[in-house]
Structure formats: structure tokens, C-alpha cells
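Enquirer: Structure file target05.cif, mmCIF, C-alpha atoms, pLDDT in the B column; chains and numbers go by the auth columns, is pasted below:
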data_data
#
loop_
_atom_site.group_PDB
_atom_site.id
_atom_site.type_symbol
_atom_site.label_atom_id
_atom_site.label_comp_id
_atom_site.label_asym_id
_atom_site.label_seq_id
_atom_site.Cartn_x
_atom_site.Cartn_y
_atom_site.Cartn_z
_atom_site.B_iso_or_equiv
_atom_site.auth_seq_id
_atom_site.auth_asym_id
ATOM 1 C CA VAL A 1 96.585 21.179 -139.816 50.00 1 A
ATOM 2 C CA LEU A 2 98.574 23.737 -137.807 62.00 2 A
ATOM 3 C CA LYS A 3 100.738 21.029 -136.302 61.00 3 A
ATOM 4 C CA ALA A 4 101.632 19.814 -139.783 57.00 4 A
ATOM 5 C CA LEU A 5 102.372 23.338 -140.974 53.00 5 A
ATOM 6 C CA MET A 6 104.350 24.360 -137.895 62.00 6 A
ATOM 7 C CA SER A 7 106.063 20.945 -137.445 59.00 7 A
ATOM 8 C CA SER A 8 105.716 18.649 -134.443 63.00 8 A
ATOM 9 C CA GLU A 9 109.172 19.733 -133.290 68.00 9 A
ATOM 10 C CA ARG A 10 108.071 23.372 -133.135 71.00 10 A
ATOM 11 C CA LEU A 11 104.876 22.647 -131.198 83.00 11 A
ATOM 12 C CA GLY A 12 106.258 19.763 -129.172 83.00 12 A
ATOM 13 C CA SER A 13 107.322 21.775 -126.114 87.00 13 A
ATOM 14 C CA TYR A 14 103.991 23.598 -126.098 88.00 14 A
ATOM 15 C CA GLU A 15 102.003 20.366 -126.232 88.00 15 A
ATOM 16 C CA GLN A 16 104.173 18.865 -123.519 90.00 16 A
ATOM 17 C CA GLU A 17 103.443 21.889 -121.356 91.00 17 A
ATOM 18 C CA MET A 18 99.686 21.955 -121.994 91.00 18 A
ATOM 19 C CA GLY A 19 98.909 18.279 -122.532 89.00 19 A
ATOM 20 C CA SER A 20 96.802 18.691 -125.669 90.00 20 A
ATOM 21 C CA PRO A 21 97.071 19.997 -129.249 85.00 21 A
ATOM 22 C CA THR A 22 94.419 22.643 -128.558 87.00 22 A
ATOM 23 C CA GLY A 23 96.238 23.847 -125.483 92.00 23 A
ATOM 24 C CA ALA A 24 99.525 23.851 -127.384 89.00 24 A
ATOM 25 C CA VAL A 25 98.122 26.193 -130.037 88.00 25 A
ATOM 26 C CA ALA A 26 96.696 28.516 -127.354 92.00 26 A
ATOM 27 C CA LEU A 27 100.051 28.661 -125.586 93.00 27 A
ATOM 28 C CA TYR A 28 101.830 29.227 -128.896 91.00 28 A
ATOM 29 C CA GLU A 29 99.534 32.179 -129.602 93.00 29 A
ATOM 30 C CA TRP A 30 100.274 33.613 -126.150 95.00 30 A
ATOM 31 C CA ASN A 31 103.993 33.116 -126.780 95.00 31 A
ATOM 32 C CA LEU A 32 103.686 35.047 -130.048 95.00 32 A
ATOM 33 C CA ALA A 33 101.815 37.902 -128.392 97.00 33 A
ATOM 34 C CA MET A 34 104.149 38.133 -125.405 97.00 34 A
ATOM 35 C CA SER A 35 107.232 37.939 -127.629 97.00 35 A
ATOM 36 C CA ALA A 36 105.922 40.813 -129.736 97.00 36 A
ATOM 37 C CA ALA A 37 105.094 42.887 -126.653 97.00 37 A
ATOM 38 C CA LEU A 38 108.502 42.271 -125.099 98.00 38 A
ATOM 39 C CA PHE A 39 110.231 43.061 -128.381 97.00 39 A
ATOM 40 C CA GLU A 40 108.526 46.453 -128.502 97.00 40 A
ATOM 41 C CA SER A 41 109.856 47.295 -125.033 97.00 41 A
ATOM 42 C CA LEU A 42 113.237 45.794 -125.893 97.00 42 A
ATOM 43 C CA GLY A 43 113.477 47.980 -128.980 96.00 43 A
ATOM 44 C CA ALA A 44 112.999 51.145 -126.972 97.00 44 A
ATOM 45 C CA ALA A 45 115.328 49.983 -124.196 97.00 45 A
ATOM 46 C CA GLU A 46 118.052 49.038 -126.663 97.00 46 A
ATOM 47 C CA VAL A 47 118.043 52.458 -128.347 97.00 47 A
ATOM 48 C CA ILE A 48 118.186 54.252 -124.989 98.00 48 A
ATOM 49 C CA LEU A 49 120.999 52.022 -123.720 98.00 49 A
ATOM 50 C CA ARG A 50 123.154 52.249 -126.826 97.00 50 A
ATOM 51 C CA ASN A 51 122.746 56.024 -127.068 97.00 51 A
ATOM 52 C CA ALA A 52 123.744 56.423 -123.418 98.00 52 A
ATOM 53 C CA PHE A 53 126.772 54.169 -123.964 98.00 53 A
ATOM 54 C CA HIS A 54 127.731 56.004 -127.135 97.00 54 A
ATOM 55 C CA ARG A 55 127.493 59.377 -125.377 97.00 55 A
ATOM 56 C CA GLU A 56 129.723 58.339 -122.482 97.00 56 A
ATOM 57 C CA LEU A 57 132.304 56.551 -124.630 97.00 57 A
ATOM 58 C CA ALA A 58 132.505 59.516 -127.011 96.00 58 A
ATOM 59 C CA LEU A 59 132.909 61.929 -124.087 97.00 59 A
ATOM 60 C CA ARG A 60 135.724 59.892 -122.534 96.00 60 A
ATOM 61 C CA HIS A 61 137.395 59.572 -125.931 96.00 61 A
ATOM 62 C CA ARG A 62 137.400 63.371 -126.385 95.00 62 A
ATOM 63 C CA GLN A 63 138.565 64.002 -122.817 95.00 63 A
ATOM 64 C CA ARG A 64 141.557 61.800 -123.474 93.00 64 A
ATOM 65 C CA GLY A 65 142.443 63.741 -126.593 94.00 65 A
ATOM 66 C CA GLY A 66 141.203 61.153 -129.054 91.00 66 A
ATOM 67 C CA SER A 67 140.331 62.040 -132.623 89.00 67 A
ATOM 68 C CA GLY A 68 137.776 60.373 -134.837 91.00 68 A
ATOM 69 C CA PRO A 69 135.050 58.120 -133.448 94.00 69 A
ATOM 70 C CA TRP A 70 135.610 56.302 -130.147 96.00 70 A
ATOM 71 C CA TYR A 71 135.024 52.940 -131.795 95.00 71 A
ATOM 72 C CA GLY A 72 138.325 53.297 -133.596 93.00 72 A
ATOM 73 C CA GLY A 73 140.128 52.815 -130.300 90.00 73 A
ATOM 74 C CA THR A 74 142.797 50.160 -129.915 91.00 74 A
ATOM 75 C CA TRP A 75 141.293 49.016 -126.601 95.00 75 A
ATOM 76 C CA ILE A 76 138.500 47.189 -128.437 96.00 76 A
ATOM 77 C CA ASP A 77 139.237 43.482 -128.806 96.00 77 A
ATOM 78 C CA THR A 78 139.224 41.424 -132.007 96.00 78 A
ATOM 79 C CA LYS A 79 135.569 40.398 -131.766 95.00 79 A
ATOM 80 C CA GLY A 80 134.508 43.980 -131.141 96.00 80 A
ATOM 81 C CA ARG A 81 136.544 45.242 -134.085 96.00 81 A
ATOM 82 C CA ARG A 82 134.876 42.675 -136.344 96.00 82 A
ATOM 83 C CA ASP A 83 131.458 43.871 -135.177 96.00 83 A
ATOM 84 C CA ILE A 84 132.442 47.480 -135.866 96.00 84 A
ATOM 85 C CA ALA A 85 133.792 46.654 -139.329 94.00 85 A
ATOM 86 C CA LEU A 86 130.526 44.917 -140.215 95.00 86 A
ATOM 87 C CA ALA A 87 128.507 47.847 -138.848 95.00 87 A
ATOM 88 C CA ARG A 88 130.560 50.264 -140.961 93.00 88 A
ATOM 89 C CA ASP A 89 129.985 48.161 -144.070 93.00 89 A
ATOM 90 C CA ARG A 90 126.253 48.068 -143.468 92.00 90 A
ATOM 91 C CA ALA A 91 126.070 51.773 -142.633 91.00 91 A
ATOM 92 C CA THR A 92 127.787 52.728 -145.880 86.00 92 A
ATOM 93 C CA GLY A 93 126.121 50.122 -148.093 85.00 93 A
ATOM 94 C CA TRP A 94 129.496 48.418 -148.402 74.00 94 A
ATOM 95 C CA GLY A 95 131.213 51.635 -149.440 73.00 95 A
ATOM 96 C CA ARG A 96 128.489 53.029 -151.701 72.00 96 A
ATOM 97 C CA GLN A 97 127.288 55.755 -149.297 73.00 97 A
ATOM 98 C CA PRO A 98 129.007 58.396 -147.134 67.00 98 A
ATOM 99 C CA LYS A 99 130.053 57.200 -143.692 73.00 99 A
ATOM 100 C CA SER A 100 127.862 58.451 -140.838 83.00 100 A
ATOM 101 C CA GLU A 101 128.820 57.890 -137.219 88.00 101 A
ATOM 102 C CA GLY A 102 125.167 57.754 -136.220 91.00 102 A
ATOM 103 C CA LYS A 103 124.446 55.051 -138.774 93.00 103 A
ATOM 104 C CA VAL A 104 127.403 52.985 -137.599 94.00 104 A
ATOM 105 C CA ILE A 105 126.152 53.181 -134.003 95.00 105 A
ATOM 106 C CA ALA A 106 122.667 52.109 -135.122 94.00 106 A
ATOM 107 C CA GLU A 107 124.096 49.104 -136.965 95.00 107 A
ATOM 108 C CA LEU A 108 125.965 47.757 -133.931 96.00 108 A
ATOM 109 C CA SER A 109 124.093 44.807 -132.452 95.00 109 A
ATOM 110 C CA PHE A 110 122.786 44.553 -128.915 96.00 110 A
ATOM 111 C CA GLY A 111 125.361 41.817 -128.430 96.00 111 A
ATOM 112 C CA PHE A 112 128.126 44.342 -129.074 97.00 112 A
ATOM 113 C CA TRP A 113 126.863 46.721 -126.376 97.00 113 A
ATOM 114 C CA ARG A 114 126.225 43.875 -123.957 97.00 114 A
ATOM 115 C CA TYR A 115 129.791 42.676 -124.495 97.00 115 A
ATOM 116 C CA LEU A 116 131.205 46.076 -123.467 97.00 116 A
ATOM 117 C CA VAL A 117 130.004 45.605 -119.876 98.00 117 A
ATOM 118 C CA THR A 118 131.706 42.229 -119.408 97.00 118 A
ATOM 119 C CA ARG A 119 134.709 41.799 -117.129 96.00 119 A
ATOM 120 C CA ARG A 120 137.250 42.046 -119.940 96.00 120 A
ATOM 121 C CA TYR A 121 136.358 45.740 -120.333 97.00 121 A
ATOM 122 C CA GLN A 122 136.458 46.499 -116.609 96.00 122 A
ATOM 123 C CA THR A 123 139.399 48.909 -116.926 96.00 123 A
ATOM 124 C CA THR A 124 138.751 50.259 -120.425 96.00 124 A
ATOM 125 C CA ALA A 125 135.083 50.778 -121.294 97.00 125 A
ATOM 126 C CA TRP A 126 133.511 50.460 -117.849 97.00 126 A
ATOM 127 C CA PRO A 127 134.966 53.660 -116.296 96.00 127 A
ATOM 128 C CA ALA A 128 133.020 55.550 -118.965 97.00 128 A
ATOM 129 C CA LEU A 129 129.952 53.303 -119.154 97.00 129 A
ATOM 130 C CA GLN A 130 129.207 53.427 -115.437 96.00 130 A
ATOM 131 C CA ASN A 131 128.424 57.119 -115.954 96.00 131 A
ATOM 132 C CA ALA A 132 125.557 56.106 -118.247 97.00 132 A
ATOM 133 C CA PHE A 133 123.582 55.127 -115.117 97.00 133 A
ATOM 134 C CA PRO A 134 123.424 58.298 -113.015 96.00 134 A
ATOM 135 C CA LEU A 135 120.269 57.152 -111.200 96.00 135 A
ATOM 136 C CA HIS A 136 121.715 53.879 -109.939 96.00 136 A
ATOM 137 C CA PRO A 137 121.584 53.871 -106.102 94.00 137 A
ATOM 138 C CA ASP A 138 125.397 53.692 -105.999 91.00 138 A
ATOM 139 C CA GLY A 139 125.824 56.558 -108.454 81.00 139 A
ATOM 140 C CA SER A 140 129.294 56.736 -109.958 76.00 140 A
ATOM 141 C CA SER A 141 130.201 53.509 -108.156 87.00 141 A
ATOM 142 C CA THR A 142 127.663 51.431 -110.060 90.00 142 A
ATOM 143 C CA PRO A 143 128.723 47.752 -109.782 95.00 143 A
ATOM 144 C CA ARG A 144 129.546 46.515 -113.277 96.00 144 A
ATOM 145 C CA VAL A 145 128.189 43.040 -112.474 96.00 145 A
ATOM 146 C CA GLU A 146 124.692 44.438 -111.857 96.00 146 A
ATOM 147 C CA ILE A 147 124.609 45.856 -115.374 97.00 147 A
ATOM 148 C CA ASP A 148 126.303 42.810 -116.889 97.00 148 A
ATOM 149 C CA ASP A 149 123.841 40.344 -115.335 97.00 149 A
ATOM 150 C CA ARG A 150 120.778 42.227 -116.522 97.00 150 A
ATOM 151 C CA MET A 151 122.113 42.864 -120.025 97.00 151 A
ATOM 152 C CA GLN A 152 123.088 39.200 -120.352 97.00 152 A
ATOM 153 C CA ARG A 153 119.551 38.072 -119.487 97.00 153 A
ATOM 154 C CA ILE A 154 118.016 40.621 -121.852 97.00 154 A
ATOM 155 C CA HIS A 155 120.378 39.521 -124.620 97.00 155 A
ATOM 156 C CA VAL A 156 119.325 35.869 -124.210 97.00 156 A
ATOM 157 C CA LEU A 157 115.661 36.900 -124.257 97.00 157 A
ATOM 158 C CA ARG A 158 116.172 39.057 -127.345 96.00 158 A
ATOM 159 C CA ASN A 159 117.815 36.192 -129.209 96.00 159 A
ATOM 160 C CA ARG A 160 115.080 33.743 -128.268 96.00 160 A
ATOM 161 C CA ILE A 161 112.413 36.132 -129.504 96.00 161 A
ATOM 162 C CA ALA A 162 114.343 36.900 -132.702 95.00 162 A
ATOM 163 C CA HIS A 163 114.573 33.168 -133.469 93.00 163 A
ATOM 164 C CA HIS A 164 110.902 32.544 -132.599 91.00 164 A
ATOM 165 C CA GLU A 165 111.794 30.303 -129.681 92.00 165 A
ATOM 166 C CA PRO A 166 109.513 29.555 -126.697 93.00 166 A
ATOM 167 C CA ILE A 167 109.719 32.028 -123.823 95.00 167 A
ATOM 168 C CA PHE A 168 106.783 30.704 -121.774 94.00 168 A
ATOM 169 C CA ARG A 169 109.081 28.969 -119.298 93.00 169 A
ATOM 170 C CA ARG A 170 111.045 32.160 -118.637 94.00 170 A
ATOM 171 C CA ASN A 171 110.148 34.524 -115.853 95.00 171 A
ATOM 172 C CA VAL A 172 109.090 37.235 -118.286 96.00 172 A
ATOM 173 C CA GLY A 173 108.139 39.498 -115.403 96.00 173 A
ATOM 174 C CA HIS A 174 111.766 39.373 -114.296 96.00 174 A
ATOM 175 C CA ASP A 175 112.942 40.032 -117.860 96.00 175 A
ATOM 176 C CA TYR A 176 110.628 43.013 -118.164 97.00 176 A
ATOM 177 C CA ALA A 177 111.779 44.341 -114.787 97.00 177 A
ATOM 178 C CA ASP A 178 115.404 44.042 -115.939 97.00 178 A
ATOM 179 C CA MET A 179 114.640 46.302 -118.899 97.00 179 A
ATOM 180 C CA LEU A 180 112.819 48.897 -116.822 98.00 180 A
ATOM 181 C CA THR A 181 115.509 48.855 -114.148 97.00 181 A
ATOM 182 C CA LEU A 182 118.362 49.419 -116.592 97.00 182 A
ATOM 183 C CA VAL A 183 116.535 52.205 -118.405 98.00 183 A
ATOM 184 C CA GLY A 184 115.365 53.684 -115.095 98.00 184 A
ATOM 185 C CA TRP A 185 118.960 54.004 -113.939 97.00 185 A
ATOM 186 C CA ILE A 186 119.526 56.115 -117.052 97.00 186 A
ATOM 187 C CA SER A 187 116.281 58.107 -117.011 98.00 187 A
ATOM 188 C CA ARG A 188 113.063 57.733 -115.048 98.00 188 A
ATOM 189 C CA VAL A 189 111.210 59.579 -117.807 98.00 189 A
ATOM 190 C CA ALA A 190 112.370 56.952 -120.321 98.00 190 A
ATOM 191 C CA SER A 191 111.437 53.974 -118.132 98.00 191 A
ATOM 192 C CA ASP A 192 108.026 55.481 -117.364 98.00 192 A
ATOM 193 C CA TRP A 193 107.474 55.987 -121.099 98.00 193 A
ATOM 194 C CA ILE A 194 108.308 52.356 -121.894 98.00 194 A
ATOM 195 C CA GLU A 195 106.054 51.166 -119.076 97.00 195 A
ATOM 196 C CA GLU A 196 103.195 53.367 -120.252 97.00 196 A
ATOM 197 C CA LEU A 197 103.383 52.003 -123.807 96.00 197 A
ATOM 198 C CA SER A 198 104.049 48.366 -122.937 97.00 198 A
ATOM 199 C CA ARG A 199 101.518 45.578 -123.461 96.00 199 A
ATOM 200 C CA VAL A 200 103.530 43.158 -121.301 96.00 200 A
ATOM 201 C CA PRO A 201 101.620 43.703 -118.009 95.00 201 A
ATOM 202 C CA THR A 202 98.279 43.099 -119.740 95.00 202 A
ATOM 203 C CA LEU A 203 99.468 39.820 -121.238 95.00 203 A
ATOM 204 C CA GLN A 204 100.889 38.715 -117.896 90.00 204 A
ATOM 205 C CA ALA A 205 97.522 39.133 -116.189 70.00 205 A
#
Translate the structure of the given file into C-alpha cells.

Expert:
Amino acid sequence: VLKALMSSERLGSYEQEMGSPTGAVALYEWNLAMSAALFESLGAAEVILRNAFHRELALRHRQRGGSGPWYGGTWIDTKGRRDIALARDRATGWGRQPKSEGKVIAELSFGFWRYLVTRRYQTTAWPALQNAFPLHPDGSSTPRVEIDDRMQRIHVLRNRIAHHEPIFRRNVGHDYADMLTLVGWISRVASDWIEELSRVPTLQA
């Protein structure tokens, strides 16, 4: 019955992995539970990351004599400006509500923040964003690629979970460690808090 309801295409990879319909359903249930657990940790990590990025970008914007929000800067490329325009529309209910900088920041997707640490922003955003990771072993010389690699992997994981895709073939322990590492380079208190709340280690056991 479940196979008919879920579709053979949806359960196919699970059955291939487990070798039986019963095993496929059990693995699917584990995938659901682990996805939910990871998404909880991802949610906390995303808020901490974006707030740290926002703080550093706003500070650099003010130091350079900028007015208005930092995300109005001309250094942001076309894709980024489209993301910001959409976030502004959502934050204001398409012009029906007052504009709030905090709401705009909250509406920007994880993909937007992940994109800011790519090589194209090496000389624009990165000089500010590297200061978001004061606890990185290299301090103010944090290698951009170390942040980029981890955020890219987290972004892929987030999208797979959001689209209810299988994650059982991923090294979820590595994914979870990426989250804790990034947050830990911002604040050990924050990473300890995520770890304390997380159900991921229990489901890995």
C-alpha cells in the first residue's frame, strides 16, 4: 500500500539499498527522522551564520561611509540583487507593509549567504565576512575556501532535505560536523547549544 501511495520511483532507491520492500520502508522512516533532525540543527546554524554575516557587512558598510542598508551596495552582482529584491518584496508583503531591514535579512535564502563566500566576492564581501569567524584557527586570515566548501555542502544537504530527497548515502556525520565547525568558529557557546539540542547523534547510533 505504501509503495503505491509513495510511488515506486520514490521508494526505488531505498528498496535497491535494502533489498526488500520492508527494508525500504524502514530506511525511508530513518531518512525522514534524520532529515528532520538535521533540519533542526540547520535552522539554528543558518540563523547564526546569516546574523554574523549581516553584522560584519553592515559594519564594513558604515566604516566606508555608506548610507542605508549594506545590501544596497553596487558590489552585489545581478543574481544577488534579484535575491534582495525578492526578499524586500516578501518582507513588505509586496509593498503593503513598512520595510524592515531585519525582515529583509530573514527573507534572504541560505543560497544567498552561501553565494557571498564564493570566489567572485573574494575582494568585496570576503574582507568583511572573514571577521565573522573570530575563532577560526587562522583568525583574521581565515581561508575563504574553507568556509565556501562547508557552506556548499550544507547548502546541498539543505536542498535535498527541503525536497524530501534521500540523504542515507551521504556522510551525515560529516555534514553535521560541517555545521558545528562553522558555528563553532563564530561562537563556541552557539555550537555547544546546537549540539546539546540535536537529535542527530542519537539517530546515527

Enquirer: CA of Pro166 in chain A and CA of Leu32 in chain A, how far apart in Å?

Expert: 8.7 Å

Enquirer: Point out the residue among A:Thr92, A:Met34, A:Leu116, A:Thr22 with the least atom-to-atom distance to Tyr71 in chain A, counting all atoms listed in the file.

Expert: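 Once distances to Tyr71 in chain A are computed over all atoms listed in the file, the minimum belongs to A:Leu116.
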
Enquirer: From the set A:Pro143, A:Arg188, A:Glu101, A:Ala24, which residue has the shortest atom-to-atom contact distance to Gly12 in chain A, counting all atoms listed in the file?

Expert: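 The shortest atom-to-atom distance to Gly12 in chain A comes from A:Ala24.
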
Enquirer: Name the closest residue to Leu157 in chain A among the candidates A:Met179, A:His136, A:Pro201, A:Leu11; distances are taken between atoms, counting all atoms listed in the file.

Expert: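 Ranked by minimum distance to Leu157 in chain A, first place goes to A:Met179.
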
Enquirer: On this file, the PyMOL selection byres ((chain A and resi 114) around 8) gives some set of residues; write that set as JSON, numbers by chain.

Expert: {"A": [110, 111, 112, 113, 115, 116, 117, 118, 148, 151, 152, 155]}

Enquirer: Can I get the selection written as a PDB file, in the coordinates of the input, with C-alpha atoms?

Expert:
ATOM      1  CA  PHE A 110     122.786  44.553-128.915  1.00 96.00           C
ATOM      2  CA  GLY A 111     125.361  41.817-128.430  1.00 96.00           C
ATOM      3  CA  PHE A 112     128.126  44.342-129.074  1.00 97.00           C
ATOM      4  CA  TRP A 113     126.863  46.721-126.376  1.00 97.00           C
ATOM      5  CA  TYR A 115     129.791  42.676-124.495  1.00 97.00           C
ATOM      6  CA  LEU A 116     131.205  46.076-123.467  1.00 97.00           C
ATOM      7  CA  VAL A 117     130.004  45.605-119.876  1.00 98.00           C
ATOM      8  CA  THR A 118     131.706  42.229-119.408  1.00 97.00           C
ATOM      9  CA  ASP A 148     126.303  42.810-116.889  1.00 97.00           C
ATOM     10  CA  MET A 151     122.113  42.864-120.025  1.00 97.00           C
ATOM     11  CA  GLN A 152     123.088  39.200-120.352  1.00 97.00           C
ATOM     12  CA  HIS A 155     120.378  39.521-124.620  1.00 97.00           C
TER      13      HIS A 155
END

Enquirer: What lies within 9 Å of range 58-62 of chain A using only C-alpha atoms, ignoring chain neighbours under 6 positions off, as an NGL selection string?

Expert: :A and (68-71 or 73 or 127-128)

Enquirer: For this file, the PyMOL selection byres ((chain A and resi 140) around 12) selects which residues, as a CSV table (one decimal) with C-alpha atoms, in the coordinates of the input?

Expert:
chain,number,residue,atom,x,y,z
A,126,TRP,CA,133.5,50.5,-117.8
A,127,PRO,CA,135.0,53.7,-116.3
A,128,ALA,CA,133.0,55.6,-119.0
A,129,LEU,CA,130.0,53.3,-119.2
A,130,GLN,CA,129.2,53.4,-115.4
A,131,ASN,CA,128.4,57.1,-116.0
A,132,ALA,CA,125.6,56.1,-118.2
A,133,PHE,CA,123.6,55.1,-115.1
A,134,PRO,CA,123.4,58.3,-113.0
A,135,LEU,CA,120.3,57.2,-111.2
A,136,HIS,CA,121.7,53.9,-109.9
A,137,PRO,CA,121.6,53.9,-106.1
A,138,ASP,CA,125.4,53.7,-106.0
A,139,GLY,CA,125.8,56.6,-108.5
A,141,SER,CA,130.2,53.5,-108.2
A,142,THR,CA,127.7,51.4,-110.1
A,143,PRO,CA,128.7,47.8,-109.8
A,144,ARG,CA,129.5,46.5,-113.3
A,185,TRP,CA,119.0,54.0,-113.9

Enquirer: Please write the residues picked by the PyMOL selection byres ((chain A and resi 100) around 12) on this file as a ChimeraX atom specification.

Expert: /A:68-69,87-93,95,97-99,101-107

Enquirer: At what distance in Å, to one decimal, does CA of Ala52 in chain A lie from CA of Arg170 in chain A?

Expert: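 So the two atoms, CA of Arg170 in chain A and CA of Ala52 in chain A, lie 27.8 Å apart.
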
Enquirer: Go through A:Ser191, A:Leu182, A:Gln204, A:Trp75 and flag the residue nearest Leu49 in chain A, using all atoms listed in the file for the distances.

Expert: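 Counting all atoms listed in the file, the residue closest to Leu49 in chain A is A:Leu182.
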
Enquirer: Using only C-alpha atoms, which protein or nucleic acid residues come within 10 Å of Leu197 in chain A? Drop anything in the same chain fewer than 2 positions from it, and give the result as a PyMOL selection string.

Expert: chain A and resi 37+40-41+192-195+199-200

Enquirer: If I only have part of range 65-89 of chain A, can you fill in N, CA and C atoms and write it as an mmCIF file, keeping the file's coordinate frame?

Expert:
data_model
loop_
_atom_site.group_PDB
_atom_site.id
_atom_site.type_symbol
_atom_site.label_atom_id
_atom_site.label_comp_id
_atom_site.auth_asym_id
_atom_site.auth_seq_id
_atom_site.Cartn_x
_atom_site.Cartn_y
_atom_site.Cartn_z
ATOM 1 N N GLY A 65 141.759 63.190 -125.435
ATOM 2 C CA GLY A 65 142.443 63.741 -126.593
ATOM 3 C C GLY A 65 142.329 62.911 -127.855
ATOM 4 N N GLY A 66 141.375 62.002 -127.885
ATOM 5 C CA GLY A 66 141.203 61.153 -129.054
ATOM 6 C C GLY A 66 140.612 61.912 -130.229
ATOM 7 N N SER A 67 140.921 61.465 -131.418
ATOM 8 C CA SER A 67 140.331 62.040 -132.623
ATOM 9 C C SER A 67 139.562 60.946 -133.349
ATOM 10 N N GLY A 68 138.600 61.359 -134.159
ATOM 11 C CA GLY A 68 137.776 60.373 -134.837
ATOM 12 C C GLY A 68 136.797 59.730 -133.865
ATOM 13 N N PRO A 69 136.029 58.764 -134.316
ATOM 14 C CA PRO A 69 135.050 58.120 -133.448
ATOM 15 C C PRO A 69 135.707 57.240 -132.388
ATOM 16 N N TRP A 70 135.049 57.109 -131.244
ATOM 17 C CA TRP A 70 135.610 56.302 -130.147
ATOM 18 C C TRP A 70 135.788 54.842 -130.545
ATOM 19 N N TYR A 71 134.958 54.365 -131.459
ATOM 20 C CA TYR A 71 135.024 52.940 -131.795
ATOM 21 C C TYR A 71 136.220 52.600 -132.701
ATOM 22 N N GLY A 72 137.075 53.581 -132.915
ATOM 23 C CA GLY A 72 138.325 53.297 -133.596
ATOM 24 C C GLY A 72 139.460 53.021 -132.624
ATOM 25 N N GLY A 73 139.116 52.994 -131.334
ATOM 26 C CA GLY A 73 140.128 52.815 -130.300
ATOM 27 C C GLY A 73 140.782 51.440 -130.309
ATOM 28 N N THR A 74 142.041 51.422 -129.924
ATOM 29 C CA THR A 74 142.797 50.160 -129.915
ATOM 30 C C THR A 74 142.426 49.272 -128.737
ATOM 31 N N TRP A 75 141.684 49.808 -127.769
ATOM 32 C CA TRP A 75 141.293 49.016 -126.601
ATOM 33 C C TRP A 75 140.208 47.990 -126.920
ATOM 34 N N ILE A 76 139.569 48.124 -128.060
ATOM 35 C CA ILE A 76 138.500 47.189 -128.437
ATOM 36 C C ILE A 76 139.124 45.896 -128.936
ATOM 37 N N ASP A 77 138.621 44.765 -128.457
ATOM 38 C CA ASP A 77 139.237 43.482 -128.806
ATOM 39 C C ASP A 77 138.864 43.040 -130.222
ATOM 40 N N THR A 78 139.389 41.895 -130.626
ATOM 41 C CA THR A 78 139.224 41.424 -132.007
ATOM 42 C C THR A 78 137.755 41.230 -132.375
ATOM 43 N N LYS A 79 136.998 40.612 -131.489
ATOM 44 C CA LYS A 79 135.569 40.398 -131.766
ATOM 45 C C LYS A 79 134.852 41.730 -131.935
ATOM 46 N N GLY A 80 135.141 42.672 -131.048
ATOM 47 C CA GLY A 80 134.508 43.980 -131.141
ATOM 48 C C GLY A 80 134.862 44.699 -132.429
ATOM 49 N N ARG A 81 136.128 44.590 -132.838
ATOM 50 C CA ARG A 81 136.544 45.242 -134.085
ATOM 51 C C ARG A 81 135.854 44.623 -135.294
ATOM 52 N N ARG A 82 135.622 43.319 -135.248
ATOM 53 C CA ARG A 82 134.876 42.675 -136.344
ATOM 54 C C ARG A 82 133.444 43.195 -136.396
ATOM 55 N N ASP A 83 132.828 43.335 -135.236
ATOM 56 C CA ASP A 83 131.458 43.871 -135.177
ATOM 57 C C ASP A 83 131.407 45.291 -135.739
ATOM 58 N N ILE A 84 132.398 46.092 -135.393
ATOM 59 C CA ILE A 84 132.442 47.480 -135.866
ATOM 60 C C ILE A 84 132.666 47.530 -137.370
ATOM 61 N N ALA A 85 133.537 46.682 -137.885
ATOM 62 C CA ALA A 85 133.792 46.654 -139.329
ATOM 63 C C ALA A 85 132.523 46.290 -140.091
ATOM 64 N N LEU A 86 131.781 45.312 -139.569
ATOM 65 C CA LEU A 86 130.526 44.917 -140.215
ATOM 66 C C LEU A 86 129.513 46.054 -140.149
ATOM 67 N N ALA A 87 129.436 46.723 -138.996
ATOM 68 C CA ALA A 87 128.507 47.847 -138.848
ATOM 69 C C ALA A 87 128.852 48.967 -139.820
ATOM 70 N N ARG A 88 130.137 49.236 -140.006
ATOM 71 C CA ARG A 88 130.560 50.264 -140.961
ATOM 72 C C ARG A 88 130.161 49.880 -142.382
ATOM 73 N N ASP A 89 130.362 48.620 -142.730
ATOM 74 C CA ASP A 89 129.985 48.161 -144.070
ATOM 75 C C ASP A 89 128.489 48.328 -144.305
#
